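Trainee: I am attaching a structure below and will ask some questions about it afterwards.
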Amino acid sequence: MQKIIRIGTRESQLALWQANKVHKELEVLGFETEIVPIKSTGDIILEKPLYELGITGIFTKNLDIALLEKRIDIAVHSMKDVPTVLPKGIMQIAVLKRANYNDILVLKGTEEFFGQQEGTIATGSLRRKAQWLNRYPTHKVVDLRGNVNTRIEKLENSDWNGAVFAAAGLERLGIRSAGAINLSWMIPAPAQGAIMISCLENDDFVKEACAQLNDYETQICVGIEREFLNLLEGGCTAPIGALAYIDKKTEEINFKGELLKRDGSKKISVGKNVALGRHKFLAKDCADYIINKGGKELMLEDEDFSLVNHTVFSTKKLSEAQKKLLPRTIEVLDSDFIKIRFNRISPKVMKEEIENVVITSQNGVDSILNSFTRNEIKFKNIFCVGRRTKNLIENNIGKVTFTAKDAKQLAEYLAESLINKEVTFFCSDVRLDILPAYLHAKNIIVNEVEAYKTTLSPVKIEDTIKGVLFYSPSGIESYLKKNDTNRTAFCIGESTADFAKKYFKNVEVSNLPSVEDLLELVKIYFSNPNFSRGNV
């Protein structure tokens, strides 16, 4: 029986239109599909301009999570919303033929205000705001968020002169007004007007199906635009426009791009044409031109206005690359609140093949590898917690039978799957009772192997720190030795969050058990104090 391709999409009317387009094109090719709506963070937080949220991928993150958790098979995106670097394990498989890439102005009244000193335009895009103010420096630009229909309704109920939209969105929904003005002078966002399909790198069936929808010319052009954006290190926080198109008469790729200061007071532009097929370095040449003309300094001018507003503390040392994932407005301090020492596991443990093995952390994996080589390890079924733990196991030990998001979910799965059997649990001397207690209650024998020791190493942190990042219940125990709970606890997983809720009033938990997702949660939280993913 042929696989049903599950199409993940945001819930907005435009996103569903795009998903339905992919659905129809796949069904024409003979593939069976179903649409699975997923709510995005960008749809939830509407009070702030996108650039103030300080993150890229705000409209794509939850679709990426759904892909990695295999709740969907493909994700359909407005390509301009997609970060230039995709998460590990996810790939771009197709770009549909590009629609109208221009920006348009939907008027509230007449065009008379163009020649006047005063005028008010609405947009949620930092790029559009900067470009408008560069052309009309005496006008005012106000923030406008929400889906297409919501933005049009806000415009109708306002005293603004107009609002800027992507032409493709209004045209796809059939709601472009006859009086809308094409802003041909406004360089669009990289990949504006293009629809992208992403999937898992190891899903050969889906890759083969969706590759048939790819438009080669669109792929080339948006690829150049996105490379230009990536080389300038831009995203939702930098006003960058880029457009590449193929001139069929000359068989050349024409490119134009620009970087602006956020208030529109400065602009650096570039334009270049190259023969199709000789465009490999087009994006790099144009990005280098912008940088050599002072592009980095221009971006730093905007960053210099950002002062540190919040300080958080990580109970585990972070790399410099991880710290840079936070905006300049958030300072992060760090220290290892727990220290790990691996035990020497008795060879008797590995004498016979172990049928059911439970590992709930990367430390558990490392402790096993510290005592045995891969050839010495004899595990039949491996059950673990967390995607990174799974990756570590499969890269060094063997195939994982089941991966849970936390210890409670794993315990429930084992209780269903291993009736009257036993498991071997490689754990620390300090561990939660959730899993073993649940399994004992279900008459499943738990053989605990103390694979490593956890030593608490707390430090006293300053009262001005507003949030603390926790990675395990042991980290929380260590923290409590010297600190109070009058701040927000940011937790990497549900087990850690459940433990934190015993002591902290404000607890936030990341969607994925990764440092990167936890840091993204911190960014969102401090950009919008009313936002809550956990129990605030």
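Ligands are numbered from 1 in the order shown, chains are lettered A, B, ... in the order of the structure tokens, and residues start at 1 in each chain.
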Taking only residues of stretch 241-341 of chain A that have an atom at most 12 Å from an atom of stretch 479-487 of chain A, what is each one's shortest atom pair and its distance in Å to one decimal, using only C-alpha atoms, in chain and number order, as JSON lines?
Mentor:
{"residue": "A:His310", "atom": "CA", "partner": "A:Arg487", "partner_atom": "CA", "distance": 11.9}
{"residue": "A:Thr311", "atom": "CA", "partner": "A:Arg487", "partner_atom": "CA", "distance": 11.1}
{"residue": "A:Val312", "atom": "CA", "partner": "A:Arg487", "partner_atom": "CA", "distance": 9.6}
{"residue": "A:Phe313", "atom": "CA", "partner": "A:Arg487", "partner_atom": "CA", "distance": 10.6}
{"residue": "A:Ser314", "atom": "CA", "partner": "A:Tyr479", "partner_atom": "CA", "distance": 10.5}
{"residue": "A:Thr315", "atom": "CA", "partner": "A:Tyr479", "partner_atom": "CA", "distance": 7.8}
{"residue": "A:Lys316", "atom": "CA", "partner": "A:Tyr479", "partner_atom": "CA", "distance": 11.1}
{"residue": "A:Ser335", "atom": "CA", "partner": "A:Tyr479", "partner_atom": "CA", "distance": 10.7}
{"residue": "A:Asp336", "atom": "CA", "partner": "A:Tyr479", "partner_atom": "CA", "distance": 10.3}
{"residue": "A:Phe337", "atom": "CA", "partner": "A:Tyr479", "partner_atom": "CA", "distance": 6.8}
{"residue": "A:Ile338", "atom": "CA", "partner": "A:Tyr479", "partner_atom": "CA", "distance": 9.2}
Trainee: Which neighbours of stretch 281-292 of chain A fall inside 12 Å, counting only C-alpha atoms, when residues of the same chain fewer than 6 positions from it are skipped, and could you give them as a ChimeraX atom specification?
Mentor: /A:190,220-234,240-244,252-260,267-275,298-300
Trainee: Between atom CA of A:Asn381 and atom CA of A:Glu355, what is the distance, to one decimal in Å?
Mentor: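 Taking atom CA of A:Asn381 as the start and atom CA of A:Glu355 as the end point, the length is 5.7 Å.
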Trainee: Could you pull out the helix (DSSP H, G or I) residues of stretch 110-289 of chain A from DSSP and send them as a PyMOL selection string?
Mentor: chain A and resi 112-115+126-135+148-156+167-173+204-213+216-231+282-289
Trainee: Go through stretch 266-402 of chain A and collect every residue that DSSP, computed from the backbone, puts in strand (DSSP E); the answer should be as a ChimeraX atom specification.
Mentor: /A:267-275,310-314,330-334,338-342,354-359,379-385,402
Trainee: For the selection you just gave me, I'd like the residues written to a file as a compact mmCIF listing (two decimals), in the first residue's frame, keeping C-alpha atoms.
Mentor:
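After the write, selection20.txt holds the following:
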# COMPACT_ATOMS: atom_id res chain seq x y z
CA LYS A 267 21.35 52.38 2.18
CA ILE A 268 23.99 50.32 0.36
CA SER A 269 22.90 48.88 -2.99
CA VAL A 270 24.44 46.45 -5.46
CA GLY A 271 23.53 45.21 -8.93
CA LYS A 272 25.22 42.68 -11.21
CA ASN A 273 24.46 40.53 -14.27
CA VAL A 274 26.19 37.24 -15.10
CA ALA A 275 25.65 34.54 -17.70
CA HIS A 310 17.90 41.15 30.72
CA THR A 311 20.46 38.80 32.25
CA VAL A 312 19.94 35.04 32.52
CA PHE A 313 22.09 32.32 34.05
CA SER A 314 22.77 28.90 32.53
CA ILE A 330 20.01 39.42 26.63
CA GLU A 331 23.22 38.71 28.54
CA VAL A 332 23.93 35.11 29.56
CA LEU A 333 26.21 34.03 32.41
CA ASP A 334 27.02 30.38 33.03
CA ILE A 338 26.61 19.65 38.41
CA LYS A 339 29.75 17.68 37.68
CA ILE A 340 29.75 14.14 36.29
CA ARG A 341 32.18 11.33 37.15
CA PHE A 342 31.85 8.04 35.25
CA ILE A 354 20.62 -7.42 27.66
CA GLU A 355 17.16 -7.61 26.15
CA ASN A 356 15.72 -4.22 27.22
CA VAL A 357 17.96 -1.25 27.98
CA VAL A 358 16.83 2.18 29.25
CA ILE A 359 19.04 5.28 28.89
CA PHE A 379 21.91 -4.62 23.74
CA LYS A 380 18.86 -6.06 21.96
CA ASN A 381 16.29 -3.28 22.48
CA ILE A 382 17.30 0.27 23.46
CA PHE A 383 14.79 2.78 24.84
CA CYS A 384 15.85 6.36 25.48
CA VAL A 385 14.77 9.93 26.23
CA PHE A 402 11.82 3.88 20.88
Trainee: Using only C-alpha atoms, determine which residues lie at most 8 Å from A:Val206, disregarding the query and same-chain residues fewer than 2 positions distant; provide the list as number ranges by chain.
Mentor: A: 5, 73-74, 199, 203-204, 208-210
Trainee: Can you pull out every residue within 8 Å of A:Tyr471, counting only C-alpha atoms, but drop anything in the same chain fewer than 4 positions away, and send it as a list in words?
Mentor: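 Neighbouring residues, sequence-local ones excluded: Thr315, Lys316, Gly475, Cys491, Ile492, Gly493 and Thr496 of chain A.
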Trainee: May I have the residues within 12 Å of A:Arg176 as a short mmCIF file (atom, residue, chain, number, x, y, z; two decimals) with C-alpha atoms, in the first residue's frame, using only C-alpha atoms and disregarding those fewer than 4 positions away in the same chain?
Mentor:
data_model
loop_
_atom_site.label_atom_id
_atom_site.label_comp_id
_atom_site.auth_asym_id
_atom_site.auth_seq_id
_atom_site.Cartn_x
_atom_site.Cartn_y
_atom_site.Cartn_z
CA ASP A 103 5.50 44.35 -2.80
CA ILE A 104 2.31 46.35 -3.26
CA LEU A 105 0.67 49.23 -1.40
CA VAL A 106 -3.01 48.81 -0.53
CA LEU A 107 -4.43 52.32 -0.19
CA VAL A 148 -3.46 38.69 5.52
CA ASN A 149 -7.18 39.10 6.27
CA ILE A 152 -6.55 44.19 5.73
CA VAL A 164 2.37 47.23 2.33
CA PHE A 165 1.72 43.58 1.39
CA ALA A 166 3.41 40.90 -0.67
CA ALA A 167 1.56 40.83 -3.98
CA ALA A 168 1.66 37.03 -4.17
CA GLY A 169 -0.28 36.58 -0.95
CA LEU A 170 -3.20 38.79 -1.96
CA GLU A 171 -3.27 37.40 -5.48
CA ARG A 172 -3.30 33.79 -4.28
CA ALA A 180 -3.30 48.52 -5.19
CA ILE A 181 -0.04 50.17 -6.29
CA ASN A 182 2.90 48.06 -7.45
#
Trainee: Nearest to A:Ala94: which of A:Leu213, A:Ile7, A:Asn62, A:Glu118 is it, counting only C-alpha atoms?
Mentor: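 Closest candidate: A:Leu213.
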Trainee: If I take atom CA of A:Thr150 and atom CA of A:Glu11, how far is one from the other in Å, to one decimal?
Mentor: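 Between atom CA of A:Thr150 and atom CA of A:Glu11 the gap works out to 13.5 Å.
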Trainee: Under the rule that only C-alpha atoms are counted, which of A:Gln13, A:Val82, A:Ser265, A:Arg135 is the nearest residue to A:Phe114?
Mentor: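 Among A:Gln13, A:Val82, A:Ser265, A:Arg135, it is A:Arg135 that comes nearest to A:Phe114.
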Trainee: Rounded to one decimal in Å, what is the spacing between atom CA of A:Ile93 and atom CA of A:Gln192?
Mentor: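 Here the two named atoms are 17.7 Å from each other.
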Trainee: Report as a list in words all protein, DNA and RNA residues lying within 12 Å of A:Leu200, evaluated on only C-alpha atoms, omitting residues in the same chain fewer than 3 positions from it.
Mentor: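 What passes the distance filter is Leu63, Asp64, Ile65, Ala66, Leu67, Leu68, Glu69, Lys70, Arg71, Ile72, Asp73, Ile74, Ala75, Leu86, Pro87, Lys88, Gly89, Ile90, Met91, Gln92, Ile93, Ile197, Asp203, Asp204, Phe205, Val206, Lys207, Glu208 and Cys210 of chain A.
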